[in-house]
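Next comes input-v4.tsv, a file with TSV, C-alpha atoms.
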chain	number	residue	atom	x	y	z
A	21	MET	CA	0.00	0.00	0.00
A	22	LYS	CA	2.66	2.47	1.03
A	23	GLU	CA	4.84	1.56	-1.96
A	24	LYS	CA	2.04	2.50	-4.33
A	25	TYR	CA	1.83	5.99	-2.89
A	26	ILE	CA	5.59	6.46	-2.93
A	27	GLU	CA	5.49	5.53	-6.61
A	28	ASP	CA	2.55	7.92	-7.09
A	29	LEU	CA	4.51	10.79	-5.58
A	30	LYS	CA	7.44	10.01	-7.87
A	31	GLU	CA	5.13	10.05	-10.87
A	32	ILE	CA	3.58	13.38	-9.82
A	33	LYS	CA	6.99	14.98	-9.45
A	34	GLU	CA	8.20	13.63	-12.76
A	35	VAL	CA	5.13	14.72	-14.72
A	36	MET	CA	5.27	18.19	-13.17
A	37	ASN	CA	8.95	18.50	-14.10
A	38	ARG	CA	8.58	17.14	-17.60
A	39	SER	CA	5.57	19.31	-18.36
A	40	THR	CA	7.24	22.56	-17.30
A	41	ARG	CA	10.95	22.09	-17.91
A	42	PHE	CA	12.92	21.22	-21.00
A	43	ILE	CA	15.17	18.44	-19.76
A	44	SER	CA	16.70	17.36	-23.05
A	45	LEU	CA	19.23	20.18	-23.07
A	46	SER	CA	22.44	18.34	-23.83
A	47	GLY	CA	25.44	18.65	-21.55
A	48	LEU	CA	27.63	18.11	-24.60
A	49	SER	CA	26.37	21.41	-26.01
A	50	GLY	CA	27.89	23.11	-22.94
A	51	VAL	CA	31.18	21.28	-23.47
A	52	SER	CA	31.31	22.11	-27.19
A	53	THR	CA	30.46	25.80	-26.74
A	54	GLY	CA	33.12	25.96	-24.03
A	55	ILE	CA	35.77	24.59	-26.38
A	56	ILE	CA	34.68	26.93	-29.18
A	57	ALA	CA	34.79	29.91	-26.80
A	58	MET	CA	38.34	29.04	-25.77
A	59	GLY	CA	39.34	28.79	-29.42
A	60	GLY	CA	37.68	32.13	-30.15
A	61	VAL	CA	39.38	33.94	-27.31
A	62	LEU	CA	42.78	32.48	-28.21
A	63	PHE	CA	42.35	33.61	-31.80
A	64	ALA	CA	41.23	37.08	-30.67
A	65	TYR	CA	44.23	37.36	-28.37
A	66	LEU	CA	46.79	36.31	-31.00
A	67	SER	CA	45.37	38.41	-33.78
A	68	PHE	CA	44.24	41.45	-31.85
A	69	PHE	CA	44.87	41.98	-28.17
A	70	LYS	CA	48.50	40.86	-28.24
A	71	GLU	CA	49.69	43.91	-30.19
A	72	LYS	CA	48.08	46.69	-28.19
A	73	ASN	CA	46.79	47.23	-24.70
A	74	TYR	CA	43.06	47.49	-25.25
A	75	LEU	CA	42.04	46.15	-21.87
A	76	VAL	CA	41.54	49.45	-20.06
A	77	TYR	CA	38.63	51.35	-18.47
A	78	HIS	CA	38.56	54.18	-20.99
A	79	ALA	CA	37.62	54.26	-24.65
A	80	VAL	CA	40.35	53.35	-27.14
A	81	GLU	CA	40.88	54.35	-30.76
A	82	LEU	CA	39.58	51.58	-33.01
A	83	ASN	CA	39.64	51.83	-36.77
A	84	LYS	CA	37.00	50.32	-39.00
A	85	GLU	CA	39.09	47.25	-39.87
A	86	ALA	CA	39.71	46.46	-36.22
A	87	ILE	CA	36.00	46.61	-35.39
A	88	ILE	CA	35.11	44.43	-38.37
A	89	LYS	CA	37.81	41.91	-37.44
A	90	LEU	CA	36.53	41.70	-33.85
A	91	LEU	CA	32.93	41.37	-34.97
A	92	MET	CA	33.90	38.61	-37.39
A	93	ILE	CA	35.57	36.62	-34.60
A	94	ALA	CA	32.60	37.18	-32.28
A	95	VAL	CA	29.98	36.25	-34.88
A	96	THR	CA	31.88	33.13	-36.00
A	97	THR	CA	32.24	31.96	-32.39
A	98	LEU	CA	28.56	32.64	-31.73
A	99	ILE	CA	27.31	30.84	-34.84
A	100	LEU	CA	29.55	27.81	-34.26
A	101	SER	CA	28.35	27.60	-30.63
A	102	ILE	CA	24.68	27.80	-31.58
A	103	VAL	CA	25.08	25.17	-34.31
A	104	CYS	CA	26.78	22.77	-31.88
A	105	ALA	CA	24.27	23.38	-29.10
A	106	VAL	CA	21.30	22.83	-31.42
A	107	PHE	CA	22.93	19.73	-32.93
A	108	PHE	CA	23.60	17.96	-29.60
A	109	THR	CA	20.27	18.98	-28.12
A	110	THR	CA	18.27	17.80	-31.15
A	111	ARG	CA	20.12	14.52	-30.98
A	112	LYS	CA	19.16	14.12	-27.36
A	113	THR	CA	15.49	15.02	-27.87
A	114	LYS	CA	15.27	12.38	-30.60
A	115	LYS	CA	16.72	9.79	-28.24
A	116	GLY	CA	14.24	10.74	-25.53
A	117	ASN	CA	11.32	10.97	-27.97
A	118	GLN	CA	10.68	14.57	-27.00
A	119	LYS	CA	9.78	17.30	-29.42
A	120	ILE	CA	12.39	20.05	-29.81
A	121	ILE	CA	9.81	22.79	-30.34
A	122	ASN	CA	7.24	22.73	-27.58
A	123	LYS	CA	5.91	25.12	-25.00
A	124	GLN	CA	8.90	24.64	-22.68
A	125	THR	CA	11.56	25.26	-25.33
A	126	LYS	CA	9.74	28.38	-26.49
A	127	GLU	CA	9.65	29.73	-22.94
A	128	LEU	CA	13.27	28.73	-22.46
A	129	ILE	CA	14.48	30.52	-25.58
A	130	ILE	CA	12.43	33.69	-25.00
A	131	ASN	CA	13.60	34.00	-21.41
A	132	LEU	CA	17.19	33.35	-22.41
A	133	LEU	CA	17.05	35.92	-25.20
A	134	ILE	CA	15.65	38.89	-23.26
A	135	PRO	CA	18.79	39.58	-21.15
A	136	LEU	CA	21.07	38.22	-23.87
A	137	VAL	CA	19.84	40.52	-26.64
A	138	THR	CA	19.78	43.50	-24.27
A	139	GLY	CA	23.38	42.82	-23.31
A	140	GLY	CA	24.40	42.11	-26.89
A	141	LEU	CA	23.01	45.40	-28.18
A	142	LEU	CA	24.57	47.36	-25.32
A	143	CYS	CA	27.95	45.72	-25.99
A	144	LEU	CA	27.70	46.54	-29.70
A	145	MET	CA	27.04	50.21	-28.91
A	146	LEU	CA	29.98	50.28	-26.48
A	147	LEU	CA	32.23	48.62	-29.06
A	148	PHE	CA	31.45	51.31	-31.63
A	149	LYS	CA	32.29	53.94	-29.03
A	150	GLY	CA	35.61	52.27	-28.30
A	151	PHE	CA	34.90	50.86	-24.83
A	152	LEU	CA	36.52	47.55	-25.64
A	153	GLY	CA	38.00	46.80	-22.22
A	154	ILE	CA	34.71	46.43	-20.35
A	155	LEU	CA	33.16	44.07	-22.91
A	156	PRO	CA	34.54	40.78	-21.52
A	157	SER	CA	33.07	41.64	-18.15
A	158	LEU	CA	29.70	42.80	-19.50
A	159	THR	CA	29.22	39.79	-21.79
A	160	LEU	CA	29.84	37.47	-18.84
A	161	ILE	CA	27.40	39.33	-16.60
A	162	PHE	CA	24.58	39.46	-19.16
A	163	TYR	CA	25.14	35.80	-20.06
A	164	GLY	CA	24.87	34.91	-16.38
A	165	LEU	CA	21.64	36.89	-16.03
A	166	ALA	CA	20.23	35.17	-19.12
A	167	LEU	CA	21.00	31.72	-17.67
A	168	ILE	CA	19.34	32.58	-14.36
A	169	ASN	CA	16.27	33.84	-16.20
A	170	ALA	CA	16.06	30.67	-18.33
A	171	SER	CA	16.78	28.22	-15.52
A	172	LYS	CA	13.09	28.05	-14.52
A	173	TYR	CA	12.37	26.24	-17.76
A	174	THR	CA	15.16	23.68	-17.73
A	175	PHE	CA	17.66	22.17	-15.26
A	176	ALA	CA	17.77	24.05	-11.99
A	177	GLU	CA	21.59	23.77	-12.15
A	178	LEU	CA	21.64	26.46	-14.81
A	179	ARG	CA	20.86	28.99	-12.10
A	180	ASN	CA	24.13	28.25	-10.29
A	181	LEU	CA	26.04	28.40	-13.55
A	182	GLY	CA	24.50	31.85	-14.11
A	183	LEU	CA	25.58	33.04	-10.66
A	184	ILE	CA	29.14	31.83	-11.28
A	185	GLU	CA	29.28	33.65	-14.64
A	186	ILE	CA	28.10	36.90	-13.02
A	187	LEU	CA	30.75	36.58	-10.33
A	188	ILE	CA	33.49	35.95	-12.90
A	189	GLY	CA	32.17	38.95	-14.86
A	190	LEU	CA	32.54	41.20	-11.81
A	191	PHE	CA	36.10	39.95	-11.27
A	192	ALA	CA	36.83	40.60	-14.94
A	193	PHE	CA	35.80	44.22	-14.45
A	194	GLN	CA	37.86	44.68	-11.29
A	195	PHE	CA	40.99	43.12	-12.80
A	196	ILE	CA	40.47	44.51	-16.27
A	197	THR	CA	43.96	43.75	-17.63
A	198	TYR	CA	43.23	40.06	-17.12
A	199	SER	CA	39.62	40.25	-18.29
A	200	LEU	CA	40.31	38.17	-21.38
A	201	LEU	CA	41.62	35.38	-19.16
A	202	PHE	CA	38.50	35.62	-16.99
A	203	TRP	CA	36.42	35.51	-20.16
A	204	ALA	CA	38.15	32.32	-21.34
A	205	PHE	CA	37.68	30.85	-17.88
A	206	GLY	CA	33.95	31.74	-17.65
A	207	PHE	CA	32.82	30.90	-21.15
A	208	GLY	CA	35.36	28.12	-21.64
A	209	MET	CA	36.43	26.16	-18.57
A	210	VAL	CA	33.35	26.68	-16.41
A	211	GLN	CA	30.98	25.80	-19.27
A	212	ILE	CA	32.94	22.65	-20.08
A	213	ILE	CA	32.87	21.51	-16.46
A	214	TYR	CA	29.15	22.30	-16.09
A	215	GLY	CA	28.37	20.57	-19.37
A	216	MET	CA	30.09	17.43	-18.12
A	217	ILE	CA	28.18	17.52	-14.83
A	218	ILE	CA	24.84	17.85	-16.64
A	219	GLN	CA	25.77	15.17	-19.15
A	220	ARG	CA	26.56	12.74	-16.35
A	221	LYS	CA	23.52	13.55	-14.25
A	222	TYR	CA	20.80	13.37	-16.91
B	8	MET	CA	-5.70	6.15	9.90
B	9	LYS	CA	-9.34	5.91	8.90
B	10	GLU	CA	-9.55	9.70	8.63
B	11	VAL	CA	-6.61	9.72	6.25
B	12	LEU	CA	-8.05	7.01	4.03
B	13	LYS	CA	-11.26	9.00	3.73
B	14	ASP	CA	-9.30	11.94	2.33
B	15	LEU	CA	-7.71	9.87	-0.43
B	16	ASP	CA	-9.55	10.60	-3.66
B	17	LYS	CA	-10.71	7.64	-5.76
B	18	ALA	CA	-10.41	9.81	-8.86
B	19	PHE	CA	-6.63	9.90	-8.45
B	20	GLU	CA	-6.10	6.21	-7.72
B	21	ASN	CA	-5.33	5.65	-11.39
B	22	ARG	CA	-1.83	6.56	-12.65
B	23	THR	CA	-3.01	8.22	-15.85
B	24	ARG	CA	-5.55	10.38	-14.05
B	25	LEU	CA	-2.92	11.26	-11.48
B	26	GLY	CA	-0.55	12.23	-14.31
B	27	ILE	CA	-3.17	14.38	-16.06
B	28	MET	CA	-3.90	16.22	-12.84
B	29	SER	CA	-0.19	16.72	-12.05
B	30	ALA	CA	0.40	18.33	-15.43
B	31	LEU	CA	-2.66	20.56	-15.08
B	32	MET	CA	-1.62	21.69	-11.61
B	33	VAL	CA	1.56	23.34	-12.94
B	34	ASN	CA	0.31	24.48	-16.37
B	35	GLU	CA	-2.55	26.86	-17.21
B	36	ALA	CA	-3.73	24.52	-19.96
B	37	VAL	CA	-2.36	21.49	-21.77
B	38	ASP	CA	-3.65	20.21	-25.11
B	39	PHE	CA	-4.63	16.63	-25.84
B	40	ASN	CA	-1.54	15.68	-27.87
B	41	SER	CA	0.89	17.14	-25.35
B	42	LEU	CA	-0.80	15.13	-22.60
B	43	LYS	CA	-0.55	12.03	-24.75
B	44	ASP	CA	3.20	12.54	-25.34
B	45	LEU	CA	3.78	13.45	-21.73
B	46	LEU	CA	2.08	10.39	-20.26
B	47	GLY	CA	2.78	7.92	-23.04
B	48	VAL	CA	-0.75	6.58	-23.31
B	49	THR	CA	-3.04	5.78	-26.24
B	50	ASP	CA	-5.72	8.15	-27.56
B	51	GLY	CA	-8.59	6.02	-26.29
B	52	ASN	CA	-7.09	5.49	-22.88
B	53	LEU	CA	-6.37	9.19	-22.38
B	54	ALA	CA	-9.82	10.22	-23.64
B	55	SER	CA	-11.62	7.94	-21.22
B	56	HIS	CA	-9.64	9.17	-18.23
B	57	LEU	CA	-10.16	12.79	-19.26
B	58	LYS	CA	-13.88	12.10	-19.50
B	59	SER	CA	-14.00	10.69	-16.00
B	60	LEU	CA	-12.15	13.69	-14.55
B	61	GLU	CA	-14.54	15.95	-16.41
B	62	LYS	CA	-17.49	14.14	-14.87
B	63	SER	CA	-16.13	14.86	-11.39
B	64	ASN	CA	-15.84	18.53	-12.46
B	65	TYR	CA	-12.10	18.41	-11.76
B	66	ILE	CA	-11.13	19.58	-15.23
B	67	ILE	CA	-12.68	21.55	-18.07
B	68	TYR	CA	-11.84	21.63	-21.74
B	69	LYS	CA	-11.78	24.35	-24.35
B	70	LYS	CA	-11.98	23.75	-28.06
B	71	ASP	CA	-10.43	26.11	-30.56
B	72	PHE	CA	-8.99	26.01	-34.04
B	73	LEU	CA	-5.31	25.66	-34.79
B	74	ASP	CA	-4.36	25.49	-38.48
B	75	ARG	CA	-7.94	24.52	-39.31
B	76	LYS	CA	-7.79	21.54	-36.98
B	77	THR	CA	-9.65	21.45	-33.71
B	78	ASN	CA	-7.41	21.71	-30.75
B	79	THR	CA	-8.72	20.68	-27.36
B	80	SER	CA	-6.94	21.97	-24.32
B	81	TYR	CA	-7.65	21.01	-20.75
B	82	SER	CA	-7.28	22.90	-17.49
B	83	ALA	CA	-7.91	22.11	-13.86
B	84	THR	CA	-10.91	23.66	-12.13
B	85	PRO	CA	-10.58	25.22	-8.65
B	86	LYS	CA	-12.51	22.21	-7.34
B	87	GLY	CA	-10.05	19.85	-9.03
B	88	LYS	CA	-7.04	21.70	-7.65
B	89	LYS	CA	-8.48	21.60	-4.16
B	90	ALA	CA	-9.19	17.89	-4.42
B	91	PHE	CA	-5.69	17.19	-5.69
B	92	ILE	CA	-4.06	19.08	-2.82
B	93	LYS	CA	-6.27	17.24	-0.34
B	94	HIS	CA	-5.23	13.95	-1.93
B	95	LEU	CA	-1.54	14.90	-1.72
B	96	ASN	CA	-1.88	15.86	1.93
B	97	ALA	CA	-3.54	12.53	2.66
B	98	ILE	CA	-0.66	10.66	0.98
B	99	GLU	CA	1.81	12.68	3.00
B	100	LYS	CA	0.05	11.81	6.26
B	101	LEU	CA	-0.14	8.18	5.25
B	102	LEU	CA	3.57	7.98	4.59
B	103	LYS	CA	4.55	9.62	7.88

Kindly transcribe the structure held in the file into structure tokens.
Amino acid sequence: MKEKYIEDLKEIKEVMNRSTRFISLSGLSGVSTGIIAMGGVLFAYLSFFKEKNYLVYHAVELNKEAIIKLLMIAVTTLILSIVCAVFFTTRKTKKGNQKIINKQTKELIINLLIPLVTGGLLCLMLLFKGFLGILPSLTLIFYGLALINASKYTFAELRNLGLIEILIGLFAFQFITYSLLFWAFGFGMVQIIYGMIIQRKY
Amino acid sequence: MKEVLKDLDKAFENRTRLGIMSALMVNEAVDFNSLKDLLGVTDGNLASHLKSLEKSNYIIYKKDFLDRKTNTSYSATPKGKKAFIKHLNAIEKLLK
């Protein structure tokens, strides 16, 4: 008798979770975006930041070519990350017989995009005004906020990841000369580790 | 013990009905096909359990059109939500 009700409670919890959260988010997508981010930051360092000291609190002189070059690196990294994340997650939804586009994924994406697009636009404006040094910090902080906002619709662990990214972002601002290192750590290492944890757990 | 057993709701003895109610407790409304995917049951099975919950006035349905096809979505009534919470509390007491 008691066993039946314990099973019932399990079922209730599971149905409530599955009907409100998107649990097929692949941990491998975290690992792959982490690796891509590290590659992107290494490339940006070698081809851009190595020559001049751009990591300062004030605006720097940036010519058109420099801005285009930076944007190209950023856009390539972003597109590669999205492609990998979508690929691994679609693969996982197929395995689990879940649909990739449902109410939960829509909520997840919208809630992720609100802080992310806000931050992205702000960073673009700052880039055109030459405030390059504070961008690593700001991208980390807005990414963290986006994760926290989206965590209600997927694994609860995403909330902690968001808090860690915000913290690293604040450090990146305080120690601005090393902000590129903090950026590589936050978007690279931390994401890889978190991706592995999620991959193992679910 | 007897008191507790009285609070357990017969309507939620069945797993599918319990699943339907759990989904409707945390979502405003869920359509028929989503419920089917969520609980992994057949059309007929789901329909009959939905009907029985409707009869107890625990859930209501709304029909509208989506791409020219009818789309039926279900939501829990206040009475249904109350009954479900009472049932959960009874289980909790029973397991103590």

Residues near stretch 43-48 of chain B, cut-off 8 Å, all atoms listed in the file, skip fewer than 4 positions along chain, as a PyMOL selection string: (chain A and resi 35+38-39+118) or (chain B and resi 23+26-27+39+52-53)

Distance filter 10 Å, only C-alpha atoms, chain A against chain B, as a ChimeraX atom specification: /A:21-29,31-40,117-119,122-123

Surrounding residues of B:Asn96 excluding itself and chain neighbours under 6 positions, 10 Å, all atoms listed in the file, as a count of residues only: 5

Between atom CA of A:Leu158 and atom CA of A:Val95 - distance in Å to one decimal: 16.7 Å

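Excluding A:Lys126 itself and any same-chain residue fewer than 4 positions from it, the protein and nucleic acid residues within 12 Å of it, counting only C-alpha atoms, are Thr40, Arg41, Phe42, Lys119, Ile120, Ile121, Asn122, Ile130, Asn131, Leu132, Leu133, Ala170, Tyr173 and Thr174 of chain A.
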
Restricted to C-alpha atoms, what would the selected residues look like written as a tab-separated table (two decimals), keeping the file's coordinate frame?
chain	number	residue	atom	x	y	z
A	40	THR	CA	7.24	22.56	-17.30
A	41	ARG	CA	10.95	22.09	-17.91
A	42	PHE	CA	12.92	21.22	-21.00
A	119	LYS	CA	9.78	17.30	-29.42
A	120	ILE	CA	12.39	20.05	-29.81
A	121	ILE	CA	9.81	22.79	-30.34
A	122	ASN	CA	7.24	22.73	-27.58
A	130	ILE	CA	12.43	33.69	-25.00
A	131	ASN	CA	13.60	34.00	-21.41
A	132	LEU	CA	17.19	33.35	-22.41
A	133	LEU	CA	17.05	35.92	-25.20
A	170	ALA	CA	16.06	30.67	-18.33
A	173	TYR	CA	12.37	26.24	-17.76
A	174	THR	CA	15.16	23.68	-17.73
